[in-house]
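Peer 1: Below you'll find work.cif; it's mmCIF, C-alpha atoms and all ligand atoms.
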data_structure
#
loop_
_atom_site.label_atom_id
_atom_site.label_comp_id
_atom_site.auth_asym_id
_atom_site.auth_seq_id
_atom_site.Cartn_x
_atom_site.Cartn_y
_atom_site.Cartn_z
CA MET A 1 -3.41 -10.87 3.77
CA LYS A 2 -1.79 -8.21 5.91
CA LEU A 3 -2.61 -4.94 4.17
CA LEU A 4 -1.44 -1.37 4.41
CA VAL A 5 -4.27 0.89 3.28
CA THR A 6 -3.50 4.58 2.74
CA GLY A 7 -6.27 7.18 2.96
CA GLY A 8 -8.55 4.76 4.79
CA ALA A 9 -10.24 7.52 6.79
CA GLY A 10 -11.74 8.93 3.59
CA PHE A 11 -14.81 7.93 1.65
CA ILE A 12 -13.73 4.98 -0.52
CA GLY A 13 -10.87 3.84 1.74
CA SER A 14 -13.16 3.48 4.74
CA ASN A 15 -15.74 1.56 2.73
CA PHE A 16 -12.89 -0.66 1.46
CA ILE A 17 -11.62 -1.40 4.98
CA ARG A 18 -15.10 -2.39 6.06
CA TYR A 19 -15.55 -4.51 2.93
CA ILE A 20 -12.25 -6.39 3.37
CA LEU A 21 -12.71 -7.09 7.08
CA ALA A 22 -16.23 -8.38 6.42
CA CYS A 23 -15.30 -10.56 3.42
CA HIS A 24 -11.88 -11.86 4.46
CA ARG A 25 -11.92 -12.88 8.10
CA GLY A 26 -8.17 -13.68 8.15
CA ASP A 27 -7.02 -10.32 6.78
CA SER A 28 -5.63 -7.48 8.88
CA ILE A 29 -5.28 -3.82 7.98
CA VAL A 30 -3.15 -0.88 9.04
CA ASN A 31 -4.70 2.38 7.90
CA LEU A 32 -2.20 5.18 7.24
CA ASP A 33 -3.99 8.50 6.94
CA LYS A 34 -2.94 12.10 7.43
CA LEU A 35 -6.47 13.14 8.46
CA THR A 36 -6.79 16.08 6.10
CA TYR A 37 -10.14 17.89 6.01
CA SER A 38 -11.73 14.87 4.25
CA GLY A 39 -10.33 12.18 6.56
CA ASN A 40 -12.53 11.39 9.50
CA LEU A 41 -12.00 8.78 12.20
CA GLN A 42 -15.65 8.87 13.19
CA THR A 43 -16.25 7.06 9.92
CA LEU A 44 -14.33 4.06 11.29
CA ARG A 45 -15.49 4.21 14.87
CA ASP A 46 -17.13 0.79 14.72
CA MET A 47 -13.80 -0.72 13.60
CA GLU A 48 -11.84 0.57 16.58
CA ASN A 49 -12.30 -2.57 18.64
CA ASP A 50 -11.63 -4.95 15.78
CA ARG A 51 -8.26 -6.50 16.59
CA ARG A 52 -7.54 -6.89 12.88
CA TYR A 53 -7.57 -3.12 12.35
CA ALA A 54 -5.20 -0.33 13.42
CA PHE A 55 -4.90 3.33 12.60
CA VAL A 56 -1.66 5.26 12.14
CA ARG A 57 -1.77 8.99 11.56
CA GLY A 58 0.83 10.06 9.02
CA ASP A 59 1.60 11.51 5.62
CA ILE A 60 2.44 9.23 2.69
CA GLY A 61 5.09 11.82 1.81
CA ASP A 62 6.89 11.34 5.15
CA ARG A 63 9.63 9.01 3.97
CA SER A 64 11.00 8.00 7.35
CA LYS A 65 7.57 7.27 8.80
CA VAL A 66 6.54 5.31 5.71
CA ARG A 67 9.77 3.28 5.91
CA LYS A 68 9.19 2.52 9.60
CA ILE A 69 5.65 1.37 8.90
CA LEU A 70 6.71 -0.81 5.98
CA ALA A 71 9.39 -2.44 8.13
CA ALA A 72 6.53 -4.18 9.98
CA GLY A 73 6.02 -6.26 6.81
CA PHE A 74 2.93 -6.23 4.61
CA ASP A 75 1.65 -8.52 1.89
CA ALA A 76 0.23 -5.62 -0.09
CA ILE A 77 -0.51 -1.91 -0.19
CA VAL A 78 -3.78 -0.42 -1.42
CA HIS A 79 -3.15 3.26 -2.05
CA PHE A 80 -6.17 5.59 -1.80
CA ALA A 81 -4.64 8.63 -0.06
CA ALA A 82 -5.09 11.69 -2.22
CA GLU A 83 -6.41 15.19 -2.55
CA THR A 84 -9.62 14.50 -4.43
CA HIS A 85 -11.81 17.51 -5.09
CA VAL A 86 -11.59 19.10 -8.56
CA ASP A 87 -12.88 22.50 -7.40
CA ARG A 88 -10.22 22.72 -4.70
CA SER A 89 -7.53 21.78 -7.25
CA ILE A 90 -8.64 24.74 -9.39
CA LEU A 91 -8.30 27.11 -6.44
CA ASN A 92 -4.88 25.81 -5.40
CA GLY A 93 -3.07 22.82 -6.87
CA SER A 94 -0.12 22.64 -4.46
CA ALA A 95 -1.49 19.98 -2.12
CA PHE A 96 -2.51 17.93 -5.17
CA ILE A 97 1.03 17.77 -6.52
CA GLN A 98 2.36 17.27 -3.02
CA THR A 99 0.23 14.23 -2.18
CA ASN A 100 -0.94 12.76 -5.50
CA VAL A 101 2.42 12.99 -7.24
CA LEU A 102 5.20 13.41 -4.66
CA GLY A 103 3.42 11.45 -1.91
CA THR A 104 2.71 8.62 -4.33
CA GLN A 105 6.33 8.66 -5.47
CA CYS A 106 7.54 8.50 -1.85
CA LEU A 107 5.19 5.64 -0.97
CA MET A 108 6.00 3.64 -4.10
CA ASP A 109 9.75 4.10 -3.77
CA ALA A 110 9.59 3.00 -0.12
CA ALA A 111 7.40 0.03 -1.09
CA ARG A 112 9.92 -1.02 -3.72
CA GLU A 113 12.79 -0.77 -1.25
CA ALA A 114 10.79 -2.84 1.23
CA GLY A 115 10.14 -5.53 -1.39
CA ILE A 116 6.35 -5.24 -1.30
CA LYS A 117 4.84 -7.97 -3.45
CA ARG A 118 1.64 -6.19 -4.50
CA PHE A 119 0.67 -2.54 -4.77
CA VAL A 120 -2.75 -1.37 -5.95
CA LEU A 121 -2.80 2.26 -7.09
CA VAL A 122 -6.32 3.67 -6.95
CA SER A 123 -6.36 5.99 -9.95
CA THR A 124 -9.39 7.53 -11.68
CA ASP A 125 -11.23 7.70 -15.00
CA GLU A 126 -10.54 11.46 -14.96
CA VAL A 127 -7.00 10.80 -16.24
CA TYR A 128 -8.53 10.07 -19.70
CA GLY A 129 -10.20 13.47 -19.88
CA SER A 130 -13.62 14.05 -21.40
CA ALA A 131 -15.15 11.18 -23.43
CA PRO A 132 -16.55 12.17 -26.85
CA ALA A 133 -20.21 11.20 -27.41
CA GLY A 134 -20.59 7.52 -28.22
CA LYS A 135 -17.04 6.60 -27.11
CA LYS A 136 -15.93 4.73 -24.01
CA PHE A 137 -12.32 4.78 -22.89
CA THR A 138 -10.41 1.51 -22.67
CA GLU A 139 -7.22 0.98 -20.68
CA GLU A 140 -5.30 1.67 -23.91
CA SER A 141 -6.83 5.12 -24.43
CA PRO A 142 -4.34 7.98 -24.11
CA LEU A 143 -4.29 10.01 -20.92
CA ALA A 144 -5.54 13.58 -21.43
CA PRO A 145 -6.34 15.07 -18.01
CA ASN A 146 -8.10 18.43 -18.00
CA SER A 147 -8.31 19.49 -14.36
CA PRO A 148 -5.37 20.05 -12.01
CA TYR A 149 -6.77 17.16 -9.91
CA ALA A 150 -6.83 14.81 -12.91
CA ALA A 151 -3.35 15.91 -13.99
CA SER A 152 -1.96 15.16 -10.52
CA LYS A 153 -3.63 11.72 -10.51
CA ALA A 154 -2.19 11.07 -13.99
CA GLY A 155 1.24 11.89 -12.52
CA GLY A 156 0.89 9.15 -9.89
CA ASP A 157 -0.64 6.78 -12.45
CA LEU A 158 2.27 7.25 -14.89
CA TRP A 159 4.79 6.94 -12.06
CA ALA A 160 3.28 3.53 -11.34
CA ARG A 161 3.51 2.51 -14.99
CA ALA A 162 7.16 3.58 -15.11
CA HIS A 163 7.86 1.65 -11.90
CA PHE A 164 6.58 -1.52 -13.48
CA ARG A 165 8.42 -0.98 -16.77
CA THR A 166 11.70 0.04 -15.14
CA PHE A 167 11.82 -2.03 -11.96
CA ARG A 168 9.17 -4.72 -12.53
CA PHE A 169 7.55 -3.27 -9.42
CA PRO A 170 4.35 -5.32 -8.88
CA VAL A 171 1.83 -2.52 -9.29
CA ILE A 172 -1.76 -2.77 -10.48
CA ILE A 173 -3.53 0.41 -11.55
CA THR A 174 -7.30 0.83 -11.29
CA ARG A 175 -9.33 3.62 -12.88
CA CYS A 176 -12.86 3.99 -11.61
CA THR A 177 -15.74 6.31 -12.44
CA ASN A 178 -17.62 8.58 -9.97
CA ASN A 179 -18.40 6.79 -6.69
CA TYR A 180 -21.38 7.51 -4.47
CA GLY A 181 -22.66 6.01 -1.20
CA PRO A 182 -22.16 6.28 2.58
CA TYR A 183 -19.45 8.47 4.15
CA GLN A 184 -18.72 10.69 1.14
CA TYR A 185 -17.55 14.13 2.18
CA PRO A 186 -20.36 16.61 1.51
CA GLU A 187 -18.43 18.77 -0.94
CA LYS A 188 -18.93 16.21 -3.73
CA PHE A 189 -22.04 16.56 -5.88
CA ILE A 190 -24.39 13.89 -4.46
CA PRO A 191 -23.77 14.37 -0.71
CA LEU A 192 -23.62 18.15 -1.24
CA MET A 193 -27.10 17.99 -2.74
CA LEU A 194 -28.46 15.71 -0.02
CA THR A 195 -27.10 17.75 2.85
CA ARG A 196 -28.08 21.13 1.39
CA ALA A 197 -31.55 20.05 0.26
CA ALA A 198 -32.21 18.59 3.71
CA LYS A 199 -31.67 22.09 5.13
CA GLY A 200 -33.81 23.69 2.40
CA GLN A 201 -30.70 25.29 0.84
CA SER A 202 -30.20 25.76 -2.90
CA ILE A 203 -28.32 23.20 -4.98
CA PRO A 204 -25.63 24.66 -7.26
CA VAL A 205 -25.80 23.12 -10.74
CA TYR A 206 -22.74 23.99 -12.80
CA GLY A 207 -23.40 25.36 -16.30
CA ASP A 208 -26.33 23.68 -18.05
CA GLY A 209 -26.19 20.59 -15.80
CA MET A 210 -25.90 18.31 -18.83
CA GLN A 211 -22.43 16.97 -17.93
CA VAL A 212 -22.55 13.18 -17.80
CA ARG A 213 -20.94 11.04 -15.11
CA ASP A 214 -21.04 7.23 -14.82
CA TRP A 215 -22.07 6.70 -11.19
CA ILE A 216 -20.87 3.60 -9.33
CA TRP A 217 -22.01 2.36 -5.91
CA VAL A 218 -18.91 2.58 -3.70
CA LYS A 219 -19.15 -1.06 -2.56
CA ASP A 220 -19.06 -2.21 -6.19
CA HIS A 221 -15.81 -0.27 -6.56
CA CYS A 222 -14.48 -1.94 -3.37
CA ALA A 223 -15.33 -5.36 -4.80
CA GLY A 224 -13.40 -4.45 -7.96
CA LEU A 225 -10.39 -3.33 -5.94
CA ASP A 226 -10.48 -6.54 -3.92
CA ALA A 227 -10.56 -8.56 -7.15
CA ALA A 228 -7.68 -6.50 -8.60
CA LEU A 229 -5.68 -7.02 -5.40
CA ARG A 230 -6.11 -10.80 -5.45
CA LYS A 231 -6.41 -11.61 -9.15
CA GLY A 232 -5.01 -8.64 -11.09
CA ARG A 233 -1.96 -9.08 -13.29
CA GLU A 234 1.11 -7.05 -12.34
CA GLY A 235 1.72 -4.01 -14.52
CA GLU A 236 -1.87 -4.03 -15.79
CA THR A 237 -4.55 -1.38 -15.58
CA TYR A 238 -8.25 -2.10 -14.97
CA ASN A 239 -11.16 0.23 -15.66
CA PHE A 240 -14.19 0.07 -13.35
CA GLY A 241 -17.32 1.63 -14.81
CA ALA A 242 -20.94 0.92 -13.96
CA GLY A 243 -22.76 1.86 -17.18
CA ASN A 244 -24.88 4.40 -15.29
CA GLU A 245 -24.41 7.49 -17.44
CA TRP A 246 -26.72 10.21 -16.16
CA PRO A 247 -26.53 13.98 -16.68
CA ASN A 248 -26.05 15.90 -13.43
CA LEU A 249 -29.43 17.59 -13.81
CA GLU A 250 -31.19 14.23 -13.99
CA ILE A 251 -29.38 13.06 -10.83
CA ALA A 252 -30.38 16.28 -9.05
CA ARG A 253 -34.05 16.00 -10.09
CA HIS A 254 -34.17 12.34 -9.11
CA LEU A 255 -32.72 13.04 -5.65
CA LEU A 256 -35.12 15.93 -5.07
CA ARG A 257 -38.01 13.62 -5.90
CA LEU A 258 -36.71 11.02 -3.41
CA LEU A 259 -36.35 13.73 -0.77
CA GLY A 260 -39.77 15.19 -1.49
CA LYS A 261 -38.15 18.59 -2.16
CA PRO A 262 -39.11 21.08 -4.89
CA GLU A 263 -37.10 21.62 -8.09
CA SER A 264 -37.06 25.31 -7.23
CA LEU A 265 -34.02 24.46 -5.03
CA LEU A 266 -31.94 24.00 -8.19
CA GLU A 267 -29.74 27.00 -8.85
CA PHE A 268 -27.83 27.18 -12.13
CA VAL A 269 -24.44 28.71 -11.40
CA GLN A 270 -21.35 29.54 -13.43
CA ASP A 271 -19.71 26.47 -14.93
CA ARG A 272 -16.50 24.98 -13.55
CA PRO A 273 -13.53 26.02 -15.74
CA GLY A 274 -12.28 23.15 -17.91
CA HIS A 275 -15.31 21.09 -16.88
CA ASP A 276 -15.23 17.61 -18.47
CA ARG A 277 -18.46 17.01 -20.36
CA ARG A 278 -18.64 13.25 -20.05
CA TYR A 279 -16.90 10.31 -18.38
CA ALA A 280 -17.45 6.80 -19.75
CA LEU A 281 -15.41 3.64 -19.38
CA ASP A 282 -15.24 0.29 -21.10
CA SER A 283 -14.79 -2.22 -18.22
CA GLU A 284 -14.69 -5.37 -20.34
CA LYS A 285 -11.14 -6.21 -19.19
CA ALA A 286 -12.15 -6.18 -15.51
CA HIS A 287 -15.15 -8.43 -16.30
CA ARG A 288 -13.00 -10.83 -18.29
CA GLU A 289 -9.85 -11.01 -16.14
CA LEU A 290 -11.14 -10.28 -12.65
CA GLY A 291 -14.65 -11.70 -12.96
CA TRP A 292 -15.92 -8.34 -11.69
CA THR A 293 -19.35 -6.90 -12.45
CA PRO A 294 -21.01 -4.03 -10.60
CA GLU A 295 -24.16 -5.27 -8.91
CA THR A 296 -26.05 -2.26 -7.57
CA GLY A 297 -28.41 -0.41 -9.91
CA LEU A 298 -28.24 3.39 -9.78
CA GLU A 299 -31.79 3.94 -8.58
CA GLU A 300 -31.36 1.37 -5.80
CA GLY A 301 -27.98 2.88 -4.78
CA LEU A 302 -29.33 6.43 -4.78
CA LYS A 303 -32.24 5.36 -2.61
CA GLN A 304 -29.82 3.74 -0.13
CA THR A 305 -27.62 6.85 -0.18
CA VAL A 306 -30.57 9.15 0.53
CA ASP A 307 -31.58 6.90 3.45
CA TRP A 308 -28.01 6.75 4.76
CA TYR A 309 -27.56 10.53 4.84
CA ALA A 310 -30.98 10.95 6.45
CA GLN A 311 -30.12 8.41 9.15
CA ASN A 312 -26.61 9.73 9.76
CA ALA A 313 -27.25 13.42 10.31
CA ASP A 314 -24.82 13.27 13.25
CA TRP A 315 -21.98 12.19 10.99
CA VAL A 316 -22.80 15.03 8.59
CA ARG A 317 -22.99 17.57 11.41
CA HIS A 318 -19.71 16.25 12.70
CA VAL A 319 -17.80 16.58 9.41
CA GLU A 320 -19.36 19.97 8.77
CA SER A 321 -18.18 21.29 12.13
CA ARG A 322 -14.75 22.81 11.86
CA GLY A 323 -13.51 21.32 15.11
CA TYR A 324 -13.89 17.69 14.24
CA ARG A 325 -10.33 16.96 13.15
CA ALA A 326 -8.85 18.61 16.23
CA TYR A 327 -11.25 16.55 18.35
CA TYR A 328 -10.18 13.27 16.78
CA ARG A 329 -6.52 14.11 16.89
CA LYS A 330 -6.93 14.75 20.59
CA GLN A 331 -8.84 11.50 21.07
CA TYR A 332 -6.20 9.68 19.12
CA ASP A 333 -3.40 11.09 21.24
CA ARG A 334 -5.30 10.43 24.47
CA ARG A 335 -5.63 6.76 23.63
CA ASP A 336 -1.87 6.73 23.17
CA LEU A 337 -2.07 4.48 20.18
CA THR A 338 1.63 4.66 19.43
CA LEU A 339 2.96 3.64 16.08
CA ALA A 340 4.55 0.47 17.42
CA LYS A 341 1.40 -0.54 19.26
CA ALA A 342 -0.73 0.18 16.23
CA LEU A 343 1.45 -1.97 14.02
CA ALA A 344 1.48 -4.89 16.43
CA HIS A 345 -2.27 -4.54 16.71
CA GLY A 346 -2.87 -4.43 12.94
CA GLY A 347 -0.43 -7.23 12.34
CA ARG A 348 -2.35 -9.74 14.41
CA LYS A 349 -4.29 -12.27 12.36
P1 LIG M 401 -11.44 11.36 0.16
O1 LIG M 401 -11.06 12.77 -0.10
O2 LIG M 401 -12.76 11.07 0.77
O3 LIG M 401 -10.34 10.66 1.07
C1 LIG M 401 -8.96 10.89 0.92
C2 LIG M 401 -8.25 10.38 2.18
O4 LIG M 401 -6.83 10.52 1.97
C3 LIG M 401 -8.59 11.19 3.43
O5 LIG M 401 -8.86 10.32 4.52
C4 LIG M 401 -7.33 12.02 3.69
O6 LIG M 401 -7.13 12.33 5.06
C5 LIG M 401 -6.26 11.09 3.15
N1 LIG M 401 -5.03 11.80 2.75
C6 LIG M 401 -4.94 12.91 1.96
N2 LIG M 401 -3.66 13.27 1.82
C7 LIG M 401 -2.91 12.38 2.52
C8 LIG M 401 -1.52 12.20 2.73
N3 LIG M 401 -0.62 13.05 2.21
N4 LIG M 401 -1.10 11.16 3.48
C9 LIG M 401 -2.00 10.30 4.04
N5 LIG M 401 -3.33 10.43 3.88
C10 LIG M 401 -3.79 11.45 3.13
O7 LIG M 401 -11.28 10.64 -1.27
P2 LIG M 401 -12.06 9.40 -1.90
O8 LIG M 401 -13.20 9.90 -2.68
O9 LIG M 401 -12.25 8.35 -0.86
O10 LIG M 401 -10.95 8.90 -2.95
C11 LIG M 401 -10.00 7.90 -2.59
C12 LIG M 401 -9.15 7.58 -3.80
O11 LIG M 401 -9.97 7.10 -4.88
C13 LIG M 401 -8.38 8.77 -4.36
O12 LIG M 401 -7.11 8.34 -4.75
C14 LIG M 401 -9.20 9.21 -5.56
O13 LIG M 401 -8.40 9.85 -6.53
C15 LIG M 401 -9.71 7.86 -6.05
N6 LIG M 401 -10.97 7.90 -6.82
C16 LIG M 401 -12.07 8.52 -6.29
C17 LIG M 401 -13.25 8.50 -7.00
C18 LIG M 401 -14.50 9.13 -6.44
O14 LIG M 401 -15.53 9.16 -7.13
N7 LIG M 401 -14.51 9.62 -5.22
C19 LIG M 401 -13.33 7.86 -8.26
C20 LIG M 401 -12.17 7.23 -8.76
C21 LIG M 401 -11.00 7.24 -8.02
P1 LIG M 402 -17.92 16.04 -8.27
O1 LIG M 402 -18.71 15.29 -7.26
O2 LIG M 402 -17.11 17.21 -7.83
O3 LIG M 402 -17.04 14.95 -9.02
P2 LIG M 402 -16.10 15.13 -10.36
O4 LIG M 402 -15.96 16.55 -10.68
O5 LIG M 402 -14.84 14.52 -9.89
O6 LIG M 402 -16.81 14.36 -11.42
O7 LIG M 402 -18.91 16.57 -9.40
C1 LIG M 402 -19.75 15.68 -10.13
C2 LIG M 402 -20.42 16.48 -11.22
O8 LIG M 402 -21.31 17.42 -10.61
C3 LIG M 402 -19.46 17.30 -12.05
O9 LIG M 402 -19.92 17.32 -13.40
C4 LIG M 402 -19.55 18.68 -11.45
C5 LIG M 402 -20.97 18.75 -10.98
N1 LIG M 402 -21.21 19.60 -9.79
C6 LIG M 402 -22.23 20.55 -9.81
O10 LIG M 402 -22.96 20.73 -10.81
N2 LIG M 402 -22.43 21.31 -8.68
C7 LIG M 402 -21.66 21.16 -7.56
O11 LIG M 402 -21.87 21.88 -6.55
C8 LIG M 402 -20.61 20.18 -7.56
C9 LIG M 402 -19.72 19.97 -6.35
C10 LIG M 402 -20.43 19.41 -8.70
#
Using structure tokens, write down the structure from this file.
Ligand code: NAD
Ligand code: TYD
Peer 2:
Amino acid sequence: MKLLVTGGAGFIGSNFIRYILACHRGDSIVNLDKLTYSGNLQTLRDMENDRRYAFVRGDIGDRSKVRKILAAGFDAIVHFAAETHVDRSILNGSAFIQTNVLGTQCLMDAAREAGIKRFVLVSTDEVYGSAPAGKKFTEESPLAPNSPYAASKAGGDLWARAHFRTFRFPVIITRCTNNYGPYQYPEKFIPLMLTRAAKGQSIPVYGDGMQVRDWIWVKDHCAGLDAALRKGREGETYNFGAGNEWPNLEIARHLLRLLGKPESLLEFVQDRPGHDRRYALDSEKAHRELGWTPETGLEEGLKQTVDWYAQNADWVRHVESRGYRAYYRKQYDRRDLTLAKALAHGGRK
């Protein structure tokens, strides 16, 4: 397949690109990414010489650029690009509406015009809101987003549904739980803990720390997306959960034990406003229709994540330094990877 991946310089998108190029030797990928604060080309440095991969810097909301890119012809689009951090969405929601709603609309409209045959929209379990104790959301559960981030993702998700109903646009929606693993930007809970604890800094635990998340190893999510891309039914939604429901406090204590750091680093801070108490998904449909099952146990995945962050302190330093985006933009320009060249490059099989 010749794929257009959006947001591939971020956490899950970069893991997905690596996953696809390793598992499907004949596939090629063009990665369209705006390089916001969370997009980082260092993450994909080892891909740079792979002739099946090309990077194009751009905004999914830039209609003329998106049209030009799509004119190169793609078999499918896998759409990750988004503003993703709940706390940032509480401080200022504008970029969330801009990218997650309007950007998604722009990309999907352009994809429809271009006659794209498959479009995977990477949505989130957060669109369902907080799961009552003992209940898991199915794909039929109503959407009830509580954070500005979740509301903006629900906007893109519903736009996709409407596109299928109205235009028979071949979209597949996926809703996954909290991912963890290599290359996650250290503002999210697990990498924030690992990077702060490593420096002996306190770990902020929101409220009582008893909020439950279902943690999934990022490569298991990538495998689910790959299955949805190749086997999913158009117009359908697939939940991806891992059945690893742990309270935040338990995750924090477990990681401190793995790091050999004291629990005195835990600092209970004011709770996040509108904080969802629990996320939990029923993924039976993905098991049944896609043959997908997550394979990595939480303790094994956390151990690998701790090791990865310990062994990749340079990457962490790099993303924490304010100059890194400017540096990569400069590198990118110096290499003169023009749009046309990038597309020809990514199009080669
Ligand atoms: P991330 O913040 O690490 O990466 C987002 C990427 O999108 C970055 O590379 C950024 O530069 C790019 N981007 C942002 N705005 C853009 C725009 N307007 N045009 C082009 N590129 C743009 O996020 P992530 O954690 O990798 O999440 C990827 C997707 O998966 C998102 O859609 C998110 O909602 C969804 N998701 C994430 C999780 C999770 O636990 N992280 C769970 C379920 C679903
Ligand atoms: P996060 O990684 O931001 O993901 P999401 O809010 O999308 O689930 O947060 C995971 C959980 O950890 C969530 O319940 C909020 C909590 N949390 C903290 O307790 N302290 C922190 O510093 C952060 C960033 C999150």
Peer 1: Neighbouring residues of ligand LIG 402 (chain M) are defined here as those with any atom at most 8 Å from a ligand atom, counting all atoms listed in the file; list them as a list of chain:residue names.
Peer 2: A:Thr84, A:His85, A:Val86, A:Asp87, A:Glu126, A:Asn178, A:Glu187, A:Lys188, A:Phe189, A:Ile190, A:Leu192, A:Met193, A:Ile203, A:Pro204, A:Val205, A:Tyr206, A:Gly207, A:Gly209, A:Gln211, A:Val212, A:Arg213, A:Asn248, A:Leu249, A:Asp271, A:Arg272, A:His275, A:Asp276, A:Arg277, A:Arg278
Peer 1: Hey, which bits of segment 207-290 of chain A sit within 9 Å of segment 165-173 of chain A, and for each residue what's the closest pair of atoms and how far apart in Å (one decimal), counting only C-alpha atoms, rows by chain and increasing number, as a Markdown table?
Peer 2:
| residue | atom | partner | partner_atom | distance |
| --- | --- | --- | --- | --- |
| A:Ala228 | CA | A:Ile172 | CA | 7.2 |
| A:Leu229 | CA | A:Ile172 | CA | 7.7 |
| A:Gly232 | CA | A:Ile172 | CA | 6.7 |
| A:Arg233 | CA | A:Ile172 | CA | 6.9 |
| A:Glu234 | CA | A:Pro170 | CA | 5.0 |
| A:Gly235 | CA | A:Val171 | CA | 5.4 |
| A:Glu236 | CA | A:Ile172 | CA | 5.5 |
| A:Thr237 | CA | A:Ile173 | CA | 4.5 |
| A:Tyr238 | CA | A:Ile173 | CA | 6.3 |
| A:Asn239 | CA | A:Ile173 | CA | 8.7 |
Peer 1: Any chance you could export the current selection's C-alpha atoms as an mmCIF file, keeping the file's coordinate frame?
Peer 2:
data_model
loop_
_atom_site.group_PDB
_atom_site.id
_atom_site.type_symbol
_atom_site.label_atom_id
_atom_site.label_comp_id
_atom_site.auth_asym_id
_atom_site.auth_seq_id
_atom_site.Cartn_x
_atom_site.Cartn_y
_atom_site.Cartn_z
ATOM 1 C CA ALA A 228 -7.680 -6.500 -8.600
ATOM 2 C CA LEU A 229 -5.680 -7.020 -5.400
ATOM 3 C CA GLY A 232 -5.010 -8.640 -11.090
ATOM 4 C CA ARG A 233 -1.960 -9.080 -13.290
ATOM 5 C CA GLU A 234 1.110 -7.050 -12.340
ATOM 6 C CA GLY A 235 1.720 -4.010 -14.520
ATOM 7 C CA GLU A 236 -1.870 -4.030 -15.790
ATOM 8 C CA THR A 237 -4.550 -1.380 -15.580
ATOM 9 C CA TYR A 238 -8.250 -2.100 -14.970
ATOM 10 C CA ASN A 239 -11.160 0.230 -15.660
#
Peer 1: Between A:Ser147, A:Gln201, A:Ser130, A:Thr104, which one has atoms that come closest to ligand LIG 401 (chain M), using only C-alpha atoms and all ligand atoms?
Peer 2: A:Thr104
Peer 1: Calculate how many Å separate atom CA of Gly8 of chain A from atom CA of Lys117 of chain A, rounding to one decimal.
Peer 2: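 These atoms are spaced 20.2 Å apart.
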Peer 1: When distances are computed from all atoms listed in the file, which of A:Val127, A:Cys176, A:Ala81, A:Val101 shows the smallest separation from Asp282 of chain A?
Peer 2: A:Cys176
Peer 1: What does the distance from atom CA of Ile216 of chain A to atom CA of Asn179 of chain A come to in Å, to one decimal?
Peer 2: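 Going from atom CA of Ile216 of chain A over to atom CA of Asn179 of chain A covers 4.8 Å.
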Peer 1: If I only have part of segment 203-215 of chain A, can you fill in N, CA and C atoms and write it as an mmCIF file, keeping the file's coordinate frame?
Peer 2:
data_model
loop_
_atom_site.group_PDB
_atom_site.id
_atom_site.type_symbol
_atom_site.label_atom_id
_atom_site.label_comp_id
_atom_site.auth_asym_id
_atom_site.auth_seq_id
_atom_site.Cartn_x
_atom_site.Cartn_y
_atom_site.Cartn_z
ATOM 1 N N ILE A 203 -29.293 24.173 -4.479
ATOM 2 C CA ILE A 203 -28.320 23.200 -4.980
ATOM 3 C C ILE A 203 -27.636 23.795 -6.205
ATOM 4 N N PRO A 204 -26.305 24.041 -6.113
ATOM 5 C CA PRO A 204 -25.630 24.660 -7.260
ATOM 6 C C PRO A 204 -25.428 23.650 -8.394
ATOM 7 N N VAL A 205 -25.985 23.963 -9.551
ATOM 8 C CA VAL A 205 -25.800 23.120 -10.740
ATOM 9 C C VAL A 205 -24.868 23.892 -11.677
ATOM 10 N N TYR A 206 -23.727 23.284 -11.985
ATOM 11 C CA TYR A 206 -22.740 23.990 -12.800
ATOM 12 C C TYR A 206 -23.175 24.032 -14.275
ATOM 13 N N GLY A 207 -23.093 25.215 -14.869
ATOM 14 C CA GLY A 207 -23.400 25.360 -16.300
ATOM 15 C C GLY A 207 -24.820 24.928 -16.598
ATOM 16 N N ASP A 208 -24.966 24.110 -17.676
ATOM 17 C CA ASP A 208 -26.330 23.680 -18.050
ATOM 18 C C ASP A 208 -26.745 22.380 -17.364
ATOM 19 N N GLY A 209 -25.849 21.813 -16.539
ATOM 20 C CA GLY A 209 -26.190 20.590 -15.800
ATOM 21 C C GLY A 209 -26.256 19.339 -16.670
ATOM 22 N N MET A 210 -25.795 19.465 -17.930
ATOM 23 C CA MET A 210 -25.900 18.310 -18.830
ATOM 24 C C MET A 210 -24.577 17.518 -18.923
ATOM 25 N N GLN A 211 -23.663 17.767 -17.982
ATOM 26 C CA GLN A 211 -22.430 16.970 -17.930
ATOM 27 C C GLN A 211 -22.802 15.558 -17.460
ATOM 28 N N VAL A 212 -22.197 14.583 -18.098
ATOM 29 C CA VAL A 212 -22.550 13.180 -17.800
ATOM 30 C C VAL A 212 -21.447 12.522 -16.969
ATOM 31 N N ARG A 213 -21.861 11.851 -15.905
ATOM 32 C CA ARG A 213 -20.940 11.040 -15.110
ATOM 33 C C ARG A 213 -21.507 9.615 -15.063
ATOM 34 N N ASP A 214 -20.607 8.623 -14.944
ATOM 35 C CA ASP A 214 -21.040 7.230 -14.820
ATOM 36 C C ASP A 214 -20.933 6.871 -13.339
ATOM 37 N N TRP A 215 -22.067 6.824 -12.657
ATOM 38 C CA TRP A 215 -22.070 6.700 -11.190
ATOM 39 C C TRP A 215 -21.987 5.245 -10.738
#
